[in-house]
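Peer 1: This is the content of coords_14.cif (mmCIF, C-alpha atoms and all ligand atoms):
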```cif
data_my_file
loop_
_atom_site.group_PDB
_atom_site.id
_atom_site.type_symbol
_atom_site.label_atom_id
_atom_site.label_comp_id
_atom_site.auth_asym_id
_atom_site.auth_seq_id
_atom_site.Cartn_x
_atom_site.Cartn_y
_atom_site.Cartn_z
ATOM 1 C CA MET A 1 313.323 180.850 128.200
ATOM 2 C CA SER A 2 311.947 181.240 131.734
ATOM 3 C CA ASN A 3 308.595 182.872 132.654
ATOM 4 C CA THR A 4 310.422 185.810 134.175
ATOM 5 C CA SER A 5 312.323 186.506 130.972
ATOM 6 C CA LYS A 6 311.865 190.121 129.859
ATOM 7 C CA ILE A 7 312.322 192.106 126.662
ATOM 8 C CA ILE A 8 314.882 194.766 127.570
ATOM 9 C CA LEU A 9 316.026 197.666 125.368
ATOM 10 C CA ILE A 10 319.429 199.179 126.186
ATOM 11 C CA SER A 11 320.789 202.396 124.677
ATOM 12 C CA GLY A 12 324.532 202.901 124.450
ATOM 13 C CA ALA A 13 325.246 199.181 124.547
ATOM 14 C CA SER A 14 328.379 199.327 122.377
ATOM 15 C CA SER A 15 330.732 199.815 125.351
ATOM 16 C CA GLY A 16 331.030 200.307 129.090
ATOM 17 C CA ILE A 17 327.997 200.070 131.334
ATOM 18 C CA GLY A 18 325.505 199.457 128.507
ATOM 19 C CA GLU A 19 327.522 196.565 127.093
ATOM 20 C CA ALA A 20 328.089 195.037 130.540
ATOM 21 C CA THR A 21 324.365 195.391 131.291
ATOM 22 C CA ALA A 22 323.398 193.652 128.048
ATOM 23 C CA ARG A 23 325.732 190.739 128.769
ATOM 24 C CA HIS A 24 324.604 190.469 132.408
ATOM 25 C CA LEU A 25 320.865 190.609 131.684
ATOM 26 C CA ALA A 26 321.178 188.151 128.782
ATOM 27 C CA LYS A 27 322.929 185.710 131.138
ATOM 28 C CA GLN A 28 319.910 186.021 133.427
ATOM 29 C CA GLY A 29 317.675 184.793 130.614
ATOM 30 C CA HIS A 30 316.333 188.103 129.324
ATOM 31 C CA THR A 31 316.152 189.140 125.673
ATOM 32 C CA VAL A 32 318.236 192.249 125.101
ATOM 33 C CA VAL A 33 317.835 194.714 122.241
ATOM 34 C CA VAL A 34 321.115 196.604 122.054
ATOM 35 C CA GLY A 35 321.372 200.023 120.437
ATOM 36 C CA ALA A 36 324.196 202.467 119.697
ATOM 37 C CA ARG A 37 325.751 204.270 116.738
ATOM 38 C CA ARG A 38 328.771 201.944 116.414
ATOM 39 C CA VAL A 39 326.862 199.163 114.707
ATOM 40 C CA GLU A 40 329.852 196.850 114.347
ATOM 41 C CA ARG A 41 330.294 196.848 118.126
ATOM 42 C CA ILE A 42 326.656 196.158 119.035
ATOM 43 C CA GLU A 43 326.593 193.395 116.437
ATOM 44 C CA ILE A 44 329.585 191.769 118.127
ATOM 45 C CA VAL A 45 327.884 192.102 121.543
ATOM 46 C CA ALA A 46 324.687 190.497 120.179
ATOM 47 C CA ARG A 47 326.601 187.733 118.375
ATOM 48 C CA GLU A 48 328.622 186.858 121.470
ATOM 49 C CA ILE A 49 325.499 186.778 123.648
ATOM 50 C CA MET A 50 323.798 184.433 121.182
ATOM 51 C CA ALA A 51 326.906 182.241 120.923
ATOM 52 C CA GLU A 52 326.567 181.712 124.686
ATOM 53 C CA GLY A 53 322.916 180.668 124.282
ATOM 54 C CA GLY A 54 321.366 184.056 125.051
ATOM 55 C CA SER A 55 318.848 186.110 123.085
ATOM 56 C CA ALA A 56 319.919 189.462 121.596
ATOM 57 C CA LEU A 57 319.171 191.789 118.718
ATOM 58 C CA ALA A 58 321.357 194.701 117.583
ATOM 59 C CA ILE A 59 319.671 197.766 116.050
ATOM 60 C CA ARG A 60 321.456 201.004 115.174
ATOM 61 C CA LEU A 61 320.363 203.832 117.475
ATOM 62 C CA ASP A 62 321.190 207.513 117.724
ATOM 63 C CA VAL A 63 319.369 208.686 120.850
ATOM 64 C CA THR A 64 319.499 212.334 119.757
ATOM 65 C CA ASP A 65 317.087 211.537 116.913
ATOM 66 C CA ARG A 66 313.588 211.096 118.335
ATOM 67 C CA TRP A 67 312.318 209.328 115.191
ATOM 68 C CA ASN A 68 315.252 206.933 115.227
ATOM 69 C CA PHE A 69 314.537 206.097 118.882
ATOM 70 C CA ALA A 70 310.837 205.575 118.066
ATOM 71 C CA THR A 71 311.747 203.265 115.176
ATOM 72 C CA PHE A 72 314.172 201.356 117.426
ATOM 73 C CA ALA A 73 311.404 200.751 119.985
ATOM 74 C CA GLN A 74 308.805 199.887 117.337
ATOM 75 C CA GLU A 75 311.125 197.384 115.683
ATOM 76 C CA ALA A 76 311.776 195.684 119.036
ATOM 77 C CA HIS A 77 308.039 195.665 119.759
ATOM 78 C CA ARG A 78 307.270 194.226 116.314
ATOM 79 C CA GLN A 79 309.782 191.409 116.787
ATOM 80 C CA PHE A 80 308.981 190.455 120.383
ATOM 81 C CA GLY A 81 305.392 191.664 120.928
ATOM 82 C CA ARG A 82 306.122 193.726 124.027
ATOM 83 C CA ILE A 83 308.723 195.929 125.735
ATOM 84 C CA ASP A 84 309.253 195.267 129.419
ATOM 85 C CA VAL A 85 312.227 197.509 130.189
ATOM 86 C CA LEU A 86 314.115 200.423 128.641
ATOM 87 C CA VAL A 87 317.580 201.131 130.034
ATOM 88 C CA ASN A 88 318.305 204.747 129.048
ATOM 89 C CA ASN A 89 322.075 204.455 129.353
ATOM 90 C CA ALA A 90 323.704 206.322 126.429
ATOM 91 C CA GLY A 91 325.763 209.278 127.608
ATOM 92 C CA VAL A 92 328.725 211.511 126.819
ATOM 93 C CA MET A 93 331.011 213.526 129.079
ATOM 94 C CA PRO A 94 333.313 215.948 127.239
ATOM 95 C CA LEU A 95 334.208 217.994 130.320
ATOM 96 C CA SER A 96 335.592 221.515 129.993
ATOM 97 C CA ALA A 97 335.743 224.820 131.841
ATOM 98 C CA PHE A 98 332.962 227.294 131.010
ATOM 99 C CA ALA A 99 335.589 229.859 129.958
ATOM 100 C CA ASP A 100 336.631 227.562 127.085
ATOM 101 C CA LEU A 101 333.179 228.109 125.514
ATOM 102 C CA GLN A 102 332.924 224.600 124.082
ATOM 103 C CA ILE A 103 329.327 225.318 123.189
ATOM 104 C CA ASP A 104 329.027 222.428 120.722
ATOM 105 C CA GLU A 105 330.057 220.051 123.507
ATOM 106 C CA TRP A 106 327.555 221.614 125.939
ATOM 107 C CA ASN A 107 324.848 221.050 123.339
ATOM 108 C CA LEU A 108 326.015 217.506 122.678
ATOM 109 C CA MET A 109 325.707 216.645 126.380
ATOM 110 C CA ILE A 110 322.207 218.132 126.465
ATOM 111 C CA ASP A 111 321.255 216.291 123.264
ATOM 112 C CA VAL A 112 322.559 212.858 124.343
ATOM 113 C CA ASN A 113 322.281 212.853 128.139
ATOM 114 C CA LEU A 114 319.004 214.754 128.473
ATOM 115 C CA ARG A 115 317.106 214.848 125.162
ATOM 116 C CA GLY A 116 318.267 211.283 124.485
ATOM 117 C CA VAL A 117 316.642 210.080 127.710
ATOM 118 C CA LEU A 118 313.444 211.978 126.894
ATOM 119 C CA ASN A 119 313.444 210.541 123.370
ATOM 120 C CA GLY A 120 313.676 207.095 124.942
ATOM 121 C CA VAL A 121 310.788 207.792 127.301
ATOM 122 C CA ALA A 122 308.704 209.091 124.394
ATOM 123 C CA ALA A 123 309.530 206.019 122.307
ATOM 124 C CA VAL A 124 308.382 203.443 124.884
ATOM 125 C CA LEU A 125 305.715 205.285 126.860
ATOM 126 C CA PRO A 126 302.803 204.689 124.423
ATOM 127 C CA ILE A 127 303.719 200.992 124.223
ATOM 128 C CA MET A 128 304.115 200.596 127.992
ATOM 129 C CA THR A 129 300.912 202.543 128.660
ATOM 130 C CA ALA A 130 299.001 200.233 126.309
ATOM 131 C CA GLN A 131 300.557 197.205 128.054
ATOM 132 C CA GLN A 132 299.681 198.756 131.439
ATOM 133 C CA ARG A 133 303.162 197.868 132.635
ATOM 134 C CA GLY A 134 306.763 198.653 131.934
ATOM 135 C CA HIS A 135 310.008 199.744 133.542
ATOM 136 C CA VAL A 136 312.226 202.697 132.654
ATOM 137 C CA VAL A 137 315.743 202.581 134.083
ATOM 138 C CA ASN A 138 317.603 205.863 133.651
ATOM 139 C CA ILE A 139 321.348 206.039 134.193
ATOM 140 C CA GLY A 140 322.153 209.155 136.179
ATOM 141 C CA SER A 141 325.424 209.750 137.994
ATOM 142 C CA VAL A 142 326.822 210.904 141.297
ATOM 143 C CA ALA A 143 327.173 214.073 139.164
ATOM 144 C CA GLY A 144 323.388 214.337 139.532
ATOM 145 C CA TYR A 145 323.876 215.100 143.239
ATOM 146 C CA ASN A 146 327.104 217.158 143.344
ATOM 147 C CA VAL A 147 328.760 219.679 141.039
ATOM 148 C CA ASN A 148 332.464 219.838 140.216
ATOM 149 C CA PRO A 149 334.559 222.346 138.232
ATOM 150 C CA THR A 150 334.651 221.503 134.470
ATOM 151 C CA ALA A 151 331.535 219.359 134.981
ATOM 152 C CA GLY A 152 328.866 222.076 135.226
ATOM 153 C CA VAL A 153 326.978 221.128 132.050
ATOM 154 C CA TYR A 154 327.428 217.381 132.512
ATOM 155 C CA CYS A 155 326.118 217.716 136.085
ATOM 156 C CA ALA A 156 323.204 219.831 134.838
ATOM 157 C CA THR A 157 322.154 217.022 132.480
ATOM 158 C CA LYS A 158 322.400 214.425 135.251
ATOM 159 C CA PHE A 159 320.488 216.617 137.757
ATOM 160 C CA ALA A 160 317.837 216.889 135.031
ATOM 161 C CA VAL A 161 317.714 213.125 134.517
ATOM 162 C CA ARG A 162 317.147 212.726 138.244
ATOM 163 C CA ALA A 163 314.318 215.276 138.158
ATOM 164 C CA LEU A 164 312.577 213.783 135.134
ATOM 165 C CA SER A 165 312.857 210.274 136.576
ATOM 166 C CA GLU A 166 311.008 211.399 139.698
ATOM 167 C CA GLY A 167 308.399 213.260 137.641
ATOM 168 C CA LEU A 168 307.774 210.221 135.459
ATOM 169 C CA ARG A 169 307.464 207.992 138.516
ATOM 170 C CA MET A 170 304.957 210.268 140.221
ATOM 171 C CA GLU A 171 302.695 210.463 137.176
ATOM 172 C CA SER A 172 302.438 206.768 136.443
ATOM 173 C CA LYS A 173 300.687 203.973 138.284
ATOM 174 C CA ASP A 174 301.687 201.362 135.704
ATOM 175 C CA LEU A 175 305.367 202.174 135.192
ATOM 176 C CA ARG A 176 308.295 201.342 137.386
ATOM 177 C CA VAL A 177 311.002 204.016 137.241
ATOM 178 C CA THR A 178 314.530 203.488 138.493
ATOM 179 C CA LEU A 179 317.419 205.943 138.575
ATOM 180 C CA VAL A 180 320.784 204.187 138.804
ATOM 181 C CA SER A 181 323.574 206.647 139.607
ATOM 182 C CA PRO A 182 327.104 205.322 139.172
ATOM 183 C CA GLY A 183 330.247 206.756 140.670
ATOM 184 C CA LEU A 184 333.624 206.349 138.975
ATOM 185 C CA THR A 185 333.349 203.332 136.698
ATOM 186 C CA ARG A 186 336.024 201.973 134.345
ATOM 187 C CA THR A 187 334.651 202.661 130.841
ATOM 188 C CA GLU A 188 335.459 204.758 127.749
ATOM 189 C CA LEU A 189 333.485 207.753 129.039
ATOM 190 C CA SER A 190 336.413 210.107 129.682
ATOM 191 C CA ASP A 191 338.071 209.443 126.289
ATOM 192 C CA ALA A 192 336.103 212.359 124.792
ATOM 193 C CA ILE A 193 337.530 214.979 127.142
ATOM 194 C CA ARG A 194 339.478 217.463 125.009
ATOM 195 C CA SER A 195 341.838 218.882 127.662
ATOM 196 C CA PRO A 196 344.793 216.496 128.201
ATOM 197 C CA GLU A 197 345.085 217.608 131.853
ATOM 198 C CA THR A 198 341.425 217.015 132.725
ATOM 199 C CA ARG A 199 341.334 213.756 130.752
ATOM 200 C CA GLY A 200 344.595 212.498 132.279
ATOM 201 C CA MET A 201 343.472 213.398 135.802
ATOM 202 C CA LEU A 202 340.151 211.618 135.445
ATOM 203 C CA GLN A 203 341.585 208.570 133.697
ATOM 204 C CA GLY A 204 344.263 208.255 136.389
ATOM 205 C CA LEU A 205 341.608 208.412 139.090
ATOM 206 C CA THR A 206 339.359 205.925 137.278
ATOM 207 C CA ASP A 207 342.272 203.510 136.750
ATOM 208 C CA SER A 208 343.131 203.629 140.439
ATOM 209 C CA ILE A 209 339.716 203.554 142.128
ATOM 210 C CA GLY A 210 337.071 202.953 139.408
ATOM 211 C CA ILE A 211 334.718 200.002 139.774
ATOM 212 C CA PRO A 212 333.991 197.633 136.871
ATOM 213 C CA ALA A 213 330.990 198.295 134.626
ATOM 214 C CA GLY A 214 329.624 194.934 135.772
ATOM 215 C CA ALA A 215 328.954 196.416 139.222
ATOM 216 C CA ILE A 216 326.468 198.845 137.678
ATOM 217 C CA ALA A 217 324.975 196.067 135.553
ATOM 218 C CA GLU A 218 324.329 194.089 138.768
ATOM 219 C CA ALA A 219 322.467 197.060 140.284
ATOM 220 C CA ILE A 220 320.314 197.410 137.161
ATOM 221 C CA GLY A 221 319.639 193.671 137.254
ATOM 222 C CA PHE A 222 318.590 193.937 140.908
ATOM 223 C CA ALA A 223 315.999 196.631 140.176
ATOM 224 C CA ILE A 224 314.611 194.745 137.191
ATOM 225 C CA SER A 225 314.338 191.456 139.067
ATOM 226 C CA GLN A 226 312.075 192.768 141.843
ATOM 227 C CA PRO A 227 308.414 191.684 141.913
ATOM 228 C CA ALA A 228 306.081 193.820 139.755
ATOM 229 C CA ASP A 229 304.685 195.687 142.771
ATOM 230 C CA VAL A 230 308.145 196.657 144.018
ATOM 231 C CA ASP A 231 309.626 199.776 142.418
ATOM 232 C CA VAL A 232 313.273 200.455 143.251
ATOM 233 C CA ASN A 233 313.508 204.196 142.611
ATOM 234 C CA GLU A 234 317.131 205.148 143.262
ATOM 235 C CA LEU A 235 320.411 203.324 143.519
ATOM 236 C CA ILE A 236 323.792 205.025 143.951
ATOM 237 C CA VAL A 237 326.711 202.689 143.282
ATOM 238 C CA ARG A 238 330.226 204.055 143.685
ATOM 239 C CA PRO A 239 333.712 202.942 144.668
ATOM 240 C CA THR A 240 333.977 202.503 148.426
ATOM 241 C CA VAL A 241 336.856 204.992 148.553
ATOM 242 C CA GLN A 242 335.182 207.673 146.377
ATOM 243 C CA GLY A 243 334.483 210.846 148.365
HETATM 244 P P1 LIG A 301 331.022 204.674 127.468
HETATM 245 O O1 LIG A 301 331.649 205.827 126.760
HETATM 246 O O2 LIG A 301 331.787 203.408 127.562
HETATM 247 O O3 LIG A 301 329.596 204.349 126.838
HETATM 248 C C1 LIG A 301 328.752 205.355 126.367
HETATM 249 C C2 LIG A 301 327.743 204.726 125.429
HETATM 250 O O4 LIG A 301 326.858 205.744 124.977
HETATM 251 C C3 LIG A 301 328.378 204.101 124.197
HETATM 252 O O5 LIG A 301 327.810 202.848 123.967
HETATM 253 C C4 LIG A 301 328.011 205.058 123.073
HETATM 254 O O6 LIG A 301 327.798 204.335 121.868
HETATM 255 C C5 LIG A 301 326.690 205.586 123.587
HETATM 256 N N1 LIG A 301 326.301 206.824 122.925
HETATM 257 C C6 LIG A 301 326.917 208.027 122.932
HETATM 258 N N2 LIG A 301 326.256 208.891 122.139
HETATM 259 C C7 LIG A 301 325.192 208.207 121.633
HETATM 260 C C8 LIG A 301 324.132 208.537 120.744
HETATM 261 N N3 LIG A 301 324.011 209.765 120.203
HETATM 262 N N4 LIG A 301 323.223 207.591 120.436
HETATM 263 C C9 LIG A 301 323.320 206.348 120.955
HETATM 264 N N5 LIG A 301 324.306 205.965 121.792
HETATM 265 C C10 LIG A 301 325.220 206.897 122.127
HETATM 266 O O7 LIG A 301 330.652 205.245 128.914
HETATM 267 P P2 LIG A 301 329.829 204.621 130.149
HETATM 268 O O8 LIG A 301 329.512 203.206 129.947
HETATM 269 O O9 LIG A 301 330.562 205.034 131.362
HETATM 270 O O10 LIG A 301 328.502 205.510 130.070
HETATM 271 C C11 LIG A 301 327.204 204.976 130.209
HETATM 272 C C12 LIG A 301 326.370 205.904 131.091
HETATM 273 O O11 LIG A 301 326.889 205.880 132.414
HETATM 274 C C13 LIG A 301 326.361 207.361 130.639
HETATM 275 O O12 LIG A 301 325.055 207.882 130.750
HETATM 276 C C14 LIG A 301 327.272 208.030 131.671
HETATM 277 O O13 LIG A 301 326.983 209.392 131.824
HETATM 278 C C15 LIG A 301 326.962 207.205 132.902
HETATM 279 N N6 LIG A 301 327.950 207.302 133.983
HETATM 280 C C16 LIG A 301 329.207 206.795 133.820
HETATM 281 C C17 LIG A 301 330.129 206.922 134.847
HETATM 282 C C18 LIG A 301 331.536 206.421 134.713
HETATM 283 O O14 LIG A 301 332.356 206.708 135.621
HETATM 284 N N7 LIG A 301 331.895 205.700 133.670
HETATM 285 C C19 LIG A 301 329.773 207.552 136.137
HETATM 286 C C20 LIG A 301 328.419 208.006 136.189
HETATM 287 C C21 LIG A 301 327.546 207.882 135.158
HETATM 288 P P3 LIG A 301 328.172 204.844 120.386
HETATM 289 O O15 LIG A 301 329.311 205.796 120.514
HETATM 290 O O16 LIG A 301 328.507 203.569 119.673
HETATM 291 O O17 LIG A 301 326.902 205.476 119.887
#
```
Give the structure from the file, written as C-alpha cells.

Peer 2:
Amino acid sequence: MSNTSKIILISGASSGIGEATARHLAKQGHTVVVGARRVERIEIVAREIMAEGGSALAIRLDVTDRWNFATFAQEAHRQFGRIDVLVNNAGVMPLSAFADLQIDEWNLMIDVNLRGVLNGVAAVLPIMTAQQRGHVVNIGSVAGYNVNPTAGVYCATKFAVRALSEGLRMESKDLRVTLVSPGLTRTELSDAIRSPETRGMLQGLTDSIGIPAGAIAEAIGFAISQPADVDVNELIVRPTVQG
C-alpha cells in the first residue's frame, strides 16, 4: 500500500455512483469501506475489489439511522485506526407531483438525502476532529442548483446538501469539504419513481444522454487526491449536451 493510501468510507456503495467510486478509489490504492442496506451487493463489491488486489470491507449501513451510521464509522475506525474520507453518496429520488401527496416519499427523500448526510457528518466529525484532518465529500446534484416540476422535494434536499456543505466548510480549519454535483448519470436512481410516465421519460433521457457512473467517481477521486492544503469545494459534472 502506498503512503498516499487513504481509508475511505462510502455510503450507498451497492450500486451506481457509490459502487463505481468504491471500485475506482480501490484501484488507486485506497482502502474502501462500503456501506448500504443490500448487504449481498456490497459484499460482492468488496470481494471483487479484493480479488483484484485491492482493500475493501463491507458493512451494512442504513444512513437514516444515526446510531447505525455511528457504528459503521466506529467499526471502520476500529479496524483501520483512522478515517480519512467519508463519501456521503446514498440517495433516493422517487419523483412525483405535489398534488399526488406522496408524503411518505417526501419524508424518505428528507431522511436519506438530507438526514442521511447529516448522520454521516455526525458519525465522522468527532473522529476527524480528533485526528485534526479529514475530508467529507457530499454528493449533491444539478438539482441542487435548479428546480424542475415533480422534483421539488428532491431538489430541496439537494439545495440543503449544498448549504450544509458550505456551512461545514466555513466552520472547520481541519476538514476538507467537497460537494460533487452530478448531472444525468446512468444508474438505478430513477427505478423508484412510481409514475410510469415520469419514470419512462427520465429513463429514456438517461439512456440517451446519461454519463457513466465512473465519470463521477473520477471527479471524487480528483478531489481526494489533491494535496492536504488544497480543498476542492464544488464540482459539477454533467453530460455535455445536458441543458
Ligand atoms: P443508485 O440508485 O444506483 O444508488 C443509490 C445508492 O443509495 C444505493 O447504493 C442504495 O443502496 C443507497 N441507499 C438508498 N437508501 C439508503 C439508505 N437508507 N441507507 C444506505 N444506503 C441507501 O443511484 P445513484 O448512484 O445515481 O445515486 C447516488 C447519489 O447520486 C445519490 O445521492 C443521488 O441523488 C446522486 N445523483 C445521481 C444522479 C443520477 O443521474 N444518477 C444525478 C445527480 C445526483 P441500498 O438500496 O442497497 O441501501

Peer 1: Would you pick out the contacts of region 62-78 of chain A at 8 Å or less, using only C-alpha atoms, so that residues sharing its chain but fewer than 2 positions from it are not included, and give the list as a ChimeraX atom specification?

Peer 2: /A:9,11,33,35-37,59-60,80-83,90,111-112,115-117,119-120,122-124

Peer 1: I need the residue set behind the PyMOL selection byres (((chain A and resi 157-172) around 8) and not hetatm) for this file; please write it as a VMD selection string.

Peer 2: chain A and resid 109 to 110 113 to 114 117 138 to 141 143 to 145 153 to 156 173 to 179

Peer 1: Assuming 4 Å of padding per side, give the centre and edge lengths of the axis-aligned box around every listed atom of ligand LIG 301 (chain A), in Å to one decimal and as AutoDock Vina command-line options.

Peer 2:
```
--center_x 327.8 --center_y 206.3 --center_z 127.9 --size_x 17.1 --size_y 14.9 --size_z 24.5
```

Peer 1: Could you tell me which residues the PyMOL selection byres (((chain A and resi 220) around 9) and not hetatm) returns for this structure, as a PDB file with C-alpha atoms, keeping the file's coordinate frame?

Peer 2:
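expr-v5.pdb was written with the following content:
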```
ATOM      1  CA  THR A  21     324.365 195.391 131.291  1.00  0.00           C
ATOM      2  CA  LEU A  25     320.865 190.609 131.684  1.00  0.00           C
ATOM      3  CA  VAL A  87     317.580 201.131 130.034  1.00  0.00           C
ATOM      4  CA  VAL A 137     315.743 202.581 134.083  1.00  0.00           C
ATOM      5  CA  THR A 178     314.530 203.488 138.493  1.00  0.00           C
ATOM      6  CA  VAL A 180     320.784 204.187 138.804  1.00  0.00           C
ATOM      7  CA  ALA A 215     328.954 196.416 139.222  1.00  0.00           C
ATOM      8  CA  ILE A 216     326.468 198.845 137.678  1.00  0.00           C
ATOM      9  CA  ALA A 217     324.975 196.067 135.553  1.00  0.00           C
ATOM     10  CA  GLU A 218     324.329 194.089 138.768  1.00  0.00           C
ATOM     11  CA  ALA A 219     322.467 197.060 140.284  1.00  0.00           C
ATOM     12  CA  GLY A 221     319.639 193.671 137.254  1.00  0.00           C
ATOM     13  CA  PHE A 222     318.590 193.937 140.908  1.00  0.00           C
ATOM     14  CA  ALA A 223     315.999 196.631 140.176  1.00  0.00           C
ATOM     15  CA  ILE A 224     314.611 194.745 137.191  1.00  0.00           C
ATOM     16  CA  SER A 225     314.338 191.456 139.067  1.00  0.00           C
ATOM     17  CA  LEU A 235     320.411 203.324 143.519  1.00  0.00           C
TER      18      LEU A 235
END
```

Peer 1: Measuring between all atoms listed in the file, which one of A:Val136, A:Thr150, A:Thr185, A:Met50 shows the shortest distance to Val85 (chain A)?

Peer 2: A:Val136
